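File shown: model_20.txt (compact mmCIF, C-alpha atoms).
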# COMPACT_ATOMS: atom_id res chain seq x y z
CA MET A 856 73.62 153.31 86.68
CA THR A 857 72.73 149.63 87.12
CA GLU A 858 76.39 148.74 86.71
CA ILE A 859 77.57 151.24 89.34
CA LYS A 860 74.92 150.15 91.83
CA LEU A 861 75.85 146.50 91.37
CA LYS A 862 79.55 147.24 91.85
CA LYS A 863 78.74 148.99 95.12
CA SER A 864 76.65 146.04 96.23
CA VAL A 865 79.43 143.54 95.42
CA HIS A 866 81.92 145.63 97.42
CA HIS A 867 79.43 146.07 100.27
CA ARG A 868 78.91 142.30 100.51
CA ASN A 869 82.69 141.77 100.38
CA GLN A 870 83.27 144.29 103.16
CA ILE A 871 80.75 142.60 105.47
CA GLN A 872 82.52 139.25 105.00
CA ALA A 873 85.98 140.86 105.29
CA ASP A 874 85.03 142.43 108.64
CA LEU A 875 83.75 139.04 109.82
CA ASN A 876 86.96 137.32 108.65
CA ARG A 877 89.04 139.95 110.50
CA LYS A 878 87.08 139.39 113.72
CA ILE A 879 87.62 135.61 113.48
CA PHE A 880 91.36 136.03 112.74
CA GLN A 881 91.73 138.41 115.71
CA GLU A 882 89.95 136.03 118.08
CA ALA A 883 92.37 133.29 116.96
CA HIS A 884 95.36 135.68 117.57
CA LEU A 885 96.37 135.00 113.99
CA LEU A 886 98.53 137.31 111.86
CA THR A 887 97.11 137.31 108.33
CA LEU A 888 98.86 138.57 105.19
CA ASN A 889 97.25 139.32 101.81
CA VAL A 890 100.11 139.10 99.29
CA LEU A 891 99.56 141.01 96.02
CA GLY A 892 101.70 141.56 92.93
CA SER A 893 102.05 141.06 89.17
CA PRO A 894 102.22 137.56 87.69
CA GLY A 895 105.82 136.43 88.09
CA SER A 896 106.92 139.08 90.59
CA GLY A 897 107.99 136.25 92.90
CA LYS A 898 105.12 136.04 95.40
CA THR A 899 105.27 132.24 95.73
CA SER A 900 109.08 132.25 95.92
CA LEU A 901 108.93 134.83 98.71
CA ILE A 902 106.35 132.74 100.57
CA GLU A 903 108.58 129.65 100.17
CA HIS A 904 111.48 131.56 101.76
CA THR A 905 109.21 132.91 104.50
CA VAL A 906 107.94 129.43 105.32
CA ARG A 907 111.48 128.00 105.40
CA HIS A 908 112.63 130.73 107.82
CA LEU A 909 109.62 130.83 110.13
CA ALA A 910 108.09 127.32 110.19
CA SER A 911 110.17 126.32 113.24
CA GLN A 912 108.84 129.29 115.26
CA PHE A 913 105.26 129.61 114.02
CA LYS A 914 102.45 127.34 112.88
CA ILE A 915 101.77 128.54 109.33
CA LEU A 916 99.00 127.97 106.79
CA VAL A 917 99.17 129.24 103.19
CA VAL A 918 96.12 129.87 100.99
CA GLU A 919 97.09 130.03 97.31
CA GLY A 920 94.78 131.92 94.95
CA ASP A 921 95.19 131.17 91.26
CA ILE A 922 92.99 131.20 88.21
CA GLU A 923 94.02 127.64 87.35
CA THR A 924 96.36 124.85 88.61
CA GLU A 925 97.34 123.46 92.01
CA ARG A 926 101.03 124.25 91.40
CA ASP A 927 101.67 126.90 94.03
CA ALA A 928 100.05 124.95 96.86
CA ASP A 929 102.16 121.92 95.85
CA ARG A 930 105.33 124.07 96.13
CA ILE A 931 104.40 125.03 99.71
CA ARG A 932 103.38 121.47 100.71
CA ALA A 933 106.77 120.24 99.46
CA LEU A 934 108.25 122.26 102.35
CA GLY A 935 106.15 120.39 104.90
CA VAL A 936 103.71 123.25 105.51
CA ASP A 937 99.94 123.04 104.98
CA ALA A 938 98.55 124.85 101.93
CA ILE A 939 95.04 125.24 100.49
CA GLN A 940 94.70 125.97 96.77
CA PHE A 941 91.73 128.12 95.74
CA GLN A 942 91.18 128.17 91.97
CA THR A 943 89.12 131.15 90.82
CA HIS A 944 88.55 129.68 87.30
CA GLY A 945 88.73 133.02 85.54
CA ALA A 946 88.13 135.52 88.34
CA CYS A 947 90.85 138.16 88.53
CA HIS A 948 91.10 138.48 92.33
CA LEU A 949 90.29 136.76 95.61
CA ASP A 950 87.41 138.13 97.66
CA ALA A 951 86.54 137.74 101.34
CA MET A 952 83.94 135.04 100.60
CA MET A 953 86.52 132.89 98.77
CA VAL A 954 88.86 133.18 101.77
CA ALA A 955 86.09 132.19 104.19
CA GLN A 956 85.19 129.24 101.94
CA SER A 957 88.84 128.12 101.73
CA LEU A 958 89.12 128.09 105.52
CA GLU A 959 85.79 126.50 106.48
CA ASN A 960 87.41 123.19 107.51
CA THR A 961 90.43 124.74 109.24
CA ASN A 962 90.91 125.15 112.98
CA LEU A 963 92.42 128.62 113.08
CA ALA A 964 93.12 128.43 116.82
CA ASN A 965 96.06 126.13 116.06
CA LEU A 966 97.74 128.67 113.76
CA ASP A 967 100.01 131.71 114.23
CA LEU A 968 100.43 132.96 110.68
CA LEU A 969 98.07 132.78 107.69
CA ILE A 970 99.58 133.82 104.34
CA ILE A 971 97.09 134.39 101.51
CA GLU A 972 98.64 134.71 98.04
CA ASN A 973 96.26 136.61 95.77
CA VAL A 974 95.86 136.19 91.99
CA GLY A 975 98.77 137.81 90.09
CA ASN A 976 97.28 141.17 89.13
CA LEU A 977 98.22 144.77 90.01
CA VAL A 978 94.69 146.12 89.51
CA CYS A 979 91.59 144.24 90.71
CA PRO A 980 92.83 142.69 94.01
CA ALA A 981 93.47 146.26 95.27
CA ASN A 982 89.70 146.75 95.70
CA TYR A 983 88.94 143.68 97.84
CA ASP A 984 89.67 143.61 101.56
CA LEU A 985 90.01 139.97 102.63
CA GLY A 986 90.03 140.72 106.37
CA GLU A 987 93.82 140.52 106.55
CA ASN A 988 95.99 142.34 109.10
CA LEU A 989 98.64 143.32 106.58
CA ARG A 990 98.46 143.87 102.85
CA ILE A 991 101.82 143.16 101.22
CA VAL A 992 102.78 144.10 97.63
CA VAL A 993 105.57 142.18 95.89
CA GLY A 994 107.16 144.19 93.08
CA SER A 995 110.31 143.30 91.17
CA THR A 996 113.23 145.03 89.53
CA THR A 997 112.36 143.60 86.11
CA GLU A 998 108.94 145.31 86.02
CA GLY A 999 110.31 148.86 85.79
CA ALA A 1000 110.37 151.72 88.28
CA ASP A 1001 107.31 153.45 86.79
CA LYS A 1002 104.82 150.85 88.01
CA PRO A 1003 103.82 152.58 91.29
CA LEU A 1004 102.71 155.69 89.34
CA LYS A 1005 100.79 153.59 86.81
CA TYR A 1006 99.14 151.28 89.37
CA PRO A 1007 98.79 153.53 92.44
CA GLU A 1008 95.75 151.89 94.10
CA ILE A 1009 97.60 148.67 94.89
CA PHE A 1010 99.70 150.62 97.43
CA LEU A 1011 96.69 152.04 99.32
CA ASN A 1012 96.30 150.41 102.75
CA THR A 1013 99.47 148.41 102.07
CA ALA A 1014 101.85 147.89 104.99
CA ALA A 1015 104.97 146.76 103.17
CA CYS A 1016 106.36 146.45 99.67
CA VAL A 1017 108.90 143.74 98.90
CA ILE A 1018 111.04 144.76 95.91
CA ASN A 1019 112.15 141.37 94.65
CA LYS A 1020 114.83 140.21 92.16
CA ILE A 1021 117.50 142.69 93.29
CA ASP A 1022 120.09 140.11 92.11
CA LEU A 1023 119.10 141.22 88.57
CA LEU A 1024 119.86 144.93 89.21
CA PRO A 1025 123.15 144.82 87.22
CA TYR A 1026 121.26 143.59 84.13
CA VAL A 1027 118.10 145.71 84.10
CA ASN A 1028 117.26 149.40 83.84
CA PHE A 1029 115.68 149.91 87.27
CA ASN A 1030 115.96 152.75 89.77
CA LEU A 1031 115.07 151.66 93.31
CA ASP A 1032 114.72 155.26 94.58
CA GLU A 1033 112.32 156.12 91.75
CA PHE A 1034 110.18 153.05 92.52
CA GLU A 1035 110.03 153.89 96.24
CA ALA A 1036 109.29 157.58 95.62
CA GLY A 1037 106.45 156.62 93.25
CA ALA A 1038 104.89 154.24 95.77
CA ARG A 1039 105.22 156.83 98.56
CA GLN A 1040 103.12 159.26 96.51
CA THR A 1041 100.20 156.93 97.28
CA ASN A 1042 101.28 155.75 100.72
CA GLN A 1043 103.79 157.69 102.80
CA ASN A 1044 104.00 155.04 105.52
CA LEU A 1045 104.99 152.17 103.25
CA LYS A 1046 107.94 150.03 104.40
CA PHE A 1047 110.25 148.67 101.68
CA PHE A 1048 112.12 145.38 101.68
CA PRO A 1049 114.52 144.98 98.74
CA THR A 1050 115.06 141.22 98.43
CA SER A 1051 116.25 138.44 96.19
CA CYS A 1052 114.76 134.97 96.38
CA THR A 1053 117.76 133.76 94.34
CA SER A 1054 120.65 135.21 96.43
CA ASN A 1055 118.64 135.40 99.71
CA GLU A 1056 119.58 139.07 100.16
CA GLY A 1057 117.05 140.89 102.32
CA ILE A 1058 115.12 137.75 103.32
CA ASN A 1059 116.29 137.95 106.96
CA GLN A 1060 115.07 141.55 107.30
CA TRP A 1061 111.70 140.62 105.76
CA CYS A 1062 111.26 137.64 108.09
CA GLN A 1063 112.29 139.74 111.12
CA PHE A 1064 109.57 142.25 110.18
CA LEU A 1065 107.00 139.42 110.09
CA THR A 1066 108.24 138.00 113.40
CA ASP A 1067 107.83 141.43 115.03
CA GLN A 1068 104.32 141.73 113.56
CA THR A 1069 103.36 138.23 114.75
CA LYS A 1070 104.25 139.17 118.32
CA LYS A 1071 101.78 142.06 118.19
CA ASN A 1072 98.86 139.66 117.74
CA MET B 1377 71.89 135.82 89.14
CA THR B 1378 71.77 139.61 88.73
CA GLU B 1379 75.56 139.66 88.63
CA ILE B 1380 75.78 137.02 85.90
CA LYS B 1381 73.12 138.70 83.76
CA LEU B 1382 74.87 142.05 84.04
CA LYS B 1383 78.24 140.54 83.07
CA LYS B 1384 76.63 139.04 79.98
CA SER B 1385 75.08 142.39 79.12
CA VAL B 1386 78.43 144.23 79.50
CA HIS B 1387 80.10 141.68 77.21
CA HIS B 1388 77.22 141.85 74.75
CA ARG B 1389 77.49 145.64 74.51
CA ASN B 1390 81.27 145.34 74.13
CA GLN B 1391 80.91 142.79 71.32
CA ILE B 1392 78.54 145.02 69.34
CA GLN B 1393 81.04 147.91 69.53
CA ALA B 1394 83.99 145.59 68.79
CA ASP B 1395 82.29 144.31 65.62
CA LEU B 1396 81.63 147.92 64.58
CA ASN B 1397 85.27 148.88 65.28
CA ARG B 1398 86.46 145.89 63.21
CA LYS B 1399 84.26 146.90 60.28
CA ILE B 1400 85.63 150.47 60.38
CA PHE B 1401 89.24 149.22 60.61
CA GLN B 1402 88.70 146.88 57.66
CA GLU B 1403 87.18 149.62 55.51
CA ALA B 1404 90.27 151.74 56.23
CA HIS B 1405 92.56 148.77 55.28
CA LEU B 1406 94.14 149.16 58.68
CA LEU B 1407 96.03 146.42 60.54
CA THR B 1408 95.13 146.66 64.24
CA LEU B 1409 96.97 145.03 67.13
CA ASN B 1410 95.70 144.58 70.70
CA VAL B 1411 98.86 144.14 72.81
CA LEU B 1412 98.34 142.36 76.14
CA GLY B 1413 100.71 141.31 78.92
CA SER B 1414 101.67 141.65 82.59
CA PRO B 1415 102.79 145.00 83.99
CA GLY B 1416 106.47 145.35 83.09
CA SER B 1417 106.63 142.54 80.51
CA GLY B 1418 107.97 145.10 78.02
CA LYS B 1419 104.89 145.98 75.93
CA THR B 1420 105.83 149.65 75.53
CA SER B 1421 109.48 148.81 74.83
CA LEU B 1422 108.39 146.36 72.12
CA ILE B 1423 106.11 149.00 70.59
CA GLU B 1424 108.99 151.52 70.64
CA HIS B 1425 111.17 149.05 68.70
CA THR B 1426 108.30 148.27 66.31
CA VAL B 1427 107.73 151.95 65.63
CA ARG B 1428 111.47 152.58 65.05
CA HIS B 1429 111.63 149.70 62.55
CA LEU B 1430 108.38 150.28 60.66
CA ALA B 1431 107.67 154.05 60.75
CA SER B 1432 109.48 154.62 57.44
CA GLN B 1433 107.28 152.02 55.66
CA PHE B 1434 103.92 152.47 57.38
CA LYS B 1435 101.87 155.28 58.84
CA ILE B 1436 101.42 154.21 62.48
CA LEU B 1437 99.20 155.35 65.36
CA VAL B 1438 99.57 154.03 68.91
CA VAL B 1439 96.79 154.04 71.53
CA GLU B 1440 98.18 153.60 75.03
CA GLY B 1441 95.85 152.23 77.71
CA ASP B 1442 96.91 152.81 81.30
CA ILE B 1443 95.19 153.22 84.62
CA GLU B 1444 97.09 156.45 85.28
CA THR B 1445 99.79 158.68 83.67
CA GLU B 1446 100.57 159.88 80.15
CA ARG B 1447 104.05 158.30 80.28
CA ASP B 1448 103.73 155.62 77.63
CA ALA B 1449 102.23 157.92 74.98
CA ASP B 1450 105.07 160.39 75.67
CA ARG B 1451 107.60 157.61 75.00
CA ILE B 1452 106.02 156.93 71.58
CA ARG B 1453 105.68 160.65 70.68
CA ALA B 1454 109.40 161.08 71.44
CA LEU B 1455 109.99 158.84 68.40
CA GLY B 1456 108.01 161.15 66.13
CA VAL B 1457 104.95 158.89 65.91
CA ASP B 1458 101.43 159.91 66.97
CA ALA B 1459 100.09 158.43 70.17
CA ILE B 1460 96.83 158.77 72.09
CA GLN B 1461 96.84 158.09 75.82
CA PHE B 1462 93.65 156.62 77.28
CA GLN B 1463 93.60 156.65 81.08
CA THR B 1464 91.11 154.16 82.55
CA HIS B 1465 91.36 155.68 86.10
CA GLY B 1466 91.03 152.35 87.87
CA ALA B 1467 89.53 150.09 85.20
CA CYS B 1468 91.56 146.92 84.70
CA HIS B 1469 91.23 146.60 80.89
CA LEU B 1470 90.37 148.50 77.74
CA ASP B 1471 87.01 147.83 76.12
CA ALA B 1472 85.76 148.44 72.58
CA MET B 1473 83.94 151.64 73.62
CA MET B 1474 87.14 153.15 75.05
CA VAL B 1475 88.95 152.40 71.78
CA ALA B 1476 86.16 154.02 69.73
CA GLN B 1477 86.23 157.05 72.05
CA SER B 1478 90.04 157.34 71.74
CA LEU B 1479 89.80 157.37 67.94
CA GLU B 1480 86.80 159.66 67.43
CA ASN B 1481 88.95 162.55 66.14
CA THR B 1482 91.29 160.40 64.03
CA ASN B 1483 91.16 159.96 60.26
CA LEU B 1484 91.85 156.23 60.01
CA ALA B 1485 92.06 156.32 56.21
CA ASN B 1486 95.52 157.91 56.53
CA LEU B 1487 96.88 155.04 58.63
CA ASP B 1488 98.36 151.59 57.90
CA LEU B 1489 98.98 150.22 61.39
CA LEU B 1490 97.14 150.87 64.66
CA ILE B 1491 98.81 149.48 67.79
CA ILE B 1492 96.67 149.41 70.96
CA GLU B 1493 98.55 148.73 74.18
CA ASN B 1494 96.15 147.37 76.77
CA VAL B 1495 96.36 147.79 80.56
CA GLY B 1496 99.08 145.57 82.08
CA ASN B 1497 97.04 142.59 83.28
CA LEU B 1498 97.05 138.89 82.34
CA VAL B 1499 93.41 138.33 83.33
CA CYS B 1500 90.66 140.85 82.53
CA PRO B 1501 91.76 142.14 79.07
CA ALA B 1502 91.41 138.55 77.79
CA ASN B 1503 87.62 138.89 77.88
CA TYR B 1504 87.25 142.08 75.82
CA ASP B 1505 87.47 142.04 72.03
CA LEU B 1506 88.45 145.54 70.87
CA GLY B 1507 87.80 144.85 67.18
CA GLU B 1508 91.49 144.23 66.48
CA ASN B 1509 92.85 142.03 63.69
CA LEU B 1510 95.53 140.45 65.86
CA ARG B 1511 95.74 139.89 69.57
CA ILE B 1512 99.35 139.82 70.73
CA VAL B 1513 100.57 138.66 74.15
CA VAL B 1514 103.92 139.90 75.49
CA GLY B 1515 105.39 137.54 78.09
CA SER B 1516 108.88 137.70 79.54
CA THR B 1517 111.56 135.34 80.80
CA THR B 1518 111.49 136.88 84.29
CA GLU B 1519 107.82 135.95 84.86
CA GLY B 1520 108.41 132.18 84.95
CA ALA B 1521 107.50 129.41 82.51
CA ASP B 1522 104.37 128.37 84.44
CA LYS B 1523 102.36 131.48 83.53
CA PRO B 1524 100.57 130.06 80.43
CA LEU B 1525 99.09 127.23 82.55
CA LYS B 1526 98.04 129.66 85.29
CA TYR B 1527 96.58 132.32 82.95
CA PRO B 1528 95.34 130.26 79.99
CA GLU B 1529 92.54 132.54 78.73
CA ILE B 1530 94.93 135.28 77.64
CA PHE B 1531 96.19 132.95 74.87
CA LEU B 1532 92.72 132.25 73.44
CA ASN B 1533 92.23 133.98 70.07
CA THR B 1534 95.82 135.23 70.28
CA ALA B 1535 97.85 135.27 67.05
CA ALA B 1536 101.35 135.66 68.42
CA CYS B 1537 103.23 135.61 71.70
CA VAL B 1538 106.39 137.68 72.08
CA ILE B 1539 108.64 136.19 74.76
CA ASN B 1540 110.62 139.22 75.83
CA LYS B 1541 113.80 139.73 77.90
CA ILE B 1542 115.68 136.75 76.46
CA ASP B 1543 118.90 138.68 77.24
CA LEU B 1544 118.19 137.76 80.90
CA LEU B 1545 118.03 133.99 80.22
CA PRO B 1546 121.49 133.34 81.74
CA TYR B 1547 120.37 134.91 85.04
CA VAL B 1548 116.85 133.53 85.53
CA ASN B 1549 115.27 130.11 85.97
CA PHE B 1550 113.16 130.01 82.77
CA ASN B 1551 112.48 127.21 80.30
CA LEU B 1552 111.38 128.53 76.90
CA ASP B 1553 110.07 125.12 75.75
CA GLU B 1554 107.96 124.74 78.88
CA PHE B 1555 106.45 128.22 78.36
CA GLU B 1556 105.63 127.50 74.71
CA ALA B 1557 104.18 124.05 75.48
CA GLY B 1558 101.97 125.57 78.19
CA ALA B 1559 100.63 128.27 75.88
CA ARG B 1560 100.03 125.71 73.09
CA GLN B 1561 97.73 123.78 75.46
CA THR B 1562 95.30 126.70 75.05
CA ASN B 1563 96.14 127.66 71.47
CA GLN B 1564 97.87 125.25 69.10
CA ASN B 1565 98.29 127.84 66.34
CA LEU B 1566 100.17 130.38 68.41
CA LYS B 1567 103.34 131.84 66.85
CA PHE B 1568 106.25 132.62 69.21
CA PHE B 1569 108.78 135.43 68.90
CA PRO B 1570 111.58 135.25 71.50
CA THR B 1571 112.97 138.81 71.68
CA SER B 1572 115.04 141.21 73.69
CA CYS B 1573 114.32 144.92 73.65
CA THR B 1574 117.75 145.41 75.25
CA SER B 1575 119.94 143.41 72.82
CA ASN B 1576 117.50 143.71 69.83
CA GLU B 1577 117.57 139.92 69.32
CA GLY B 1578 114.43 138.73 67.54
CA ILE B 1579 113.11 142.24 66.77
CA ASN B 1580 113.71 141.84 63.01
CA GLN B 1581 111.68 138.60 62.89
CA TRP B 1582 108.85 140.21 64.86
CA CYS B 1583 108.77 143.26 62.55
CA GLN B 1584 108.89 141.03 59.46
CA PHE B 1585 105.83 139.16 60.78
CA LEU B 1586 103.98 142.48 61.19
CA THR B 1587 105.05 143.64 57.71
CA ASP B 1588 103.67 140.41 56.21
CA GLN B 1589 100.42 140.85 58.13
CA THR B 1590 100.09 144.49 57.02
CA LYS B 1591 100.29 143.42 53.37
CA LYS B 1592 97.29 141.14 53.89
CA ASN B 1593 95.06 144.12 54.72

Here is a file; write its structure as structure tokens.
Amino acid sequence: MTEIKLKKSVHHRNQIQADLNRKIFQEAHLLTLNVLGSPGSGKTSLIEHTVRHLASQFKILVVEGDIETERDADRIRALGVDAIQFQTHGACHLDAMMVAQSLENTNLANLDLLIIENVGNLVCPANYDLGENLRIVVGSTTEGADKPLKYPEIFLNTAACVINKIDLLPYVNFNLDEFEAGARQTNQNLKFFPTSCTSNEGINQWCQFLTDQTKKN
Amino acid sequence: MTEIKLKKSVHHRNQIQADLNRKIFQEAHLLTLNVLGSPGSGKTSLIEHTVRHLASQFKILVVEGDIETERDADRIRALGVDAIQFQTHGACHLDAMMVAQSLENTNLANLDLLIIENVGNLVCPANYDLGENLRIVVGSTTEGADKPLKYPEIFLNTAACVINKIDLLPYVNFNLDEFEAGARQTNQNLKFFPTSCTSNEGINQWCQFLTDQTKKN
């Protein structure tokens, strides 16, 4: 019982901070993404492409969540865009307090788009609202089409699913329709963006979706 | 403070059960593997190959840990080998109590090899000893060579790392030496088995390693 009560209290504290984050992001007219996915699904590569396509139109900041290393933030900074690295040192997900802490020295009023890359994990990040506008899941063709049925919670409250690495479709046993049908069992309104960060296929459609969403804020 | 104390208590309880599991496995002269890795790294495919190669020599049982679905156990049963599916319904890792519960109706004395496939996750399962003899990590070429530096804890106390999907090496940006060097920063004694469950490359070496380990029990 102690364990269950504590879990509730952790989530309750997270939700209070997430609601506060959301209010602050809204007041700054900022579109905020929480990008989830397995380790190696291509989250950072997708964010690199997104930044390359949209940095001339929008002022972007990227928050990189990782257990260790500054590598992902360095990849974004190499493109001339600001990035903050948050190292969780063992924690399996970002929470709303970590996001608030990462941003405490940032003037959000100067920004249009905030992209938060979560720790690579299909389980735990699903349970922590960060205050984002849109939750995005990055899957990939090499992970297998059964993943949405095995990890259903990640698709709850998710706006869009990028299915990455479609350049590898000729070499892997992956059925796109099966993946999409599995994810729709959890979330009927999910939008899908098959993409490749190697061949650039689908990147324009994904960036157009983000541009349309940015205009709503 | 409450949170930290509780975490310690959860781990303490797990360790007591893990030590008990280990004692029971040893008395049954049973080699036990705890197989970890990202979702879609090919853990179940590797276990299918292992079972096909070794089922004529050893009596094998597979415990499949998943958040949802009976799919992986069904894949093993289709090969004529017993499998128990343990569904965690949201929990991000197996613990020693779940393993004991899965095995409560099993006569371990009749078995030579117990393979436990953990929930697909490079973070949380690293912190839970199940009482296994060997912890095995399954990585893959599509996940990127930086993963050992970003998820170092998974390689602690790990005996061997299978680097799967080497048939995809011509199509992905992956440096095997960089991956191995990164993992060795955490664990100098780690053995590596580059494999492909599609082309069968490396499967014989992996199964020979397991055969040698089984003889030690």

Place a sphere of radius 12 Å on (103.6, 152.5, 82.7) in the file coordinates and name every protein, DNA or RNA residue with an atom inside or on its surface, counting only C-alpha atoms; give the answer as an MDAnalysis selection string. (chainID A and resid 977 998:1007 1034 1037) or (chainID B and resid 1414:1421 1440:1451 1461 1463 1493:1497)

Distance query Asp967 of chain A at most 9 Å, all atoms listed in the file, self and fewer than 5 positions along chain excluded, as a ChimeraX atom specification: /A:883-887,913-916,1069,1072

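For the pair atom CA of Ile1491 of chain B and atom CA of Glu1008 of chain A, the separation is 26.6 Å.
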
Contacts of Leu1586 of chain B at 12 Å or less, counting all atoms listed in the file, minus same-chain residues fewer than 6 places along, as a list in words? Leu1407, Thr1408, Leu1409, Ile1423, Thr1426, Val1427, His1429, Leu1430, Gln1433, Phe1434, Asp1488, Leu1489, Leu1490, Ile1491, Asn1509, Leu1510, Ile1512, Ala1535, Ala1536, Phe1569, Ile1579, Asn1580, Lys1592 and Asn1593 of chain B

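Pairwise distance (atom CA of Ala1454 of chain B, atom CA of Val1438 of chain B) equals 12.4 Å.
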
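For the residues B:His1465, B:Arg1511, B:His1387, B:Lys1591, ranking by smallest atom-to-atom distance to Lys1567 of chain B using all atoms listed in the file places B:Arg1511 first.
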
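For the pair atom CA of Val992 of chain A and atom CA of Asn1042 of chain A, the separation is 12.1 Å.
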
Just checking: using only C-alpha atoms, which residue out of A:Gln1068, A:Gln956, A:Asn982, A:Asn1044 ends up closest to chain B? A:Asn982

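Residues lying within 6 Å of (105.2, 135.5, 74.3). Counted over all atoms listed in the file, they are Val1513, Val1514, Gly1515, Cys1537, Val1538, Ile1539 and Phe1568 of chain B.
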
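With only C-alpha atoms taken into account, the protein and nucleic acid residues at most 12 Å from Ser1054 of chain A (excluding it and anything under 3 positions from it in its own chain) are Ser900, Leu901, His904, Asn1019, Lys1020, Ile1021, Asp1022, Leu1023, Pro1049, Thr1050, Ser1051, Gly1057, Ile1058 and Asn1059 of chain A; Tyr1547 and Val1548 of chain B.
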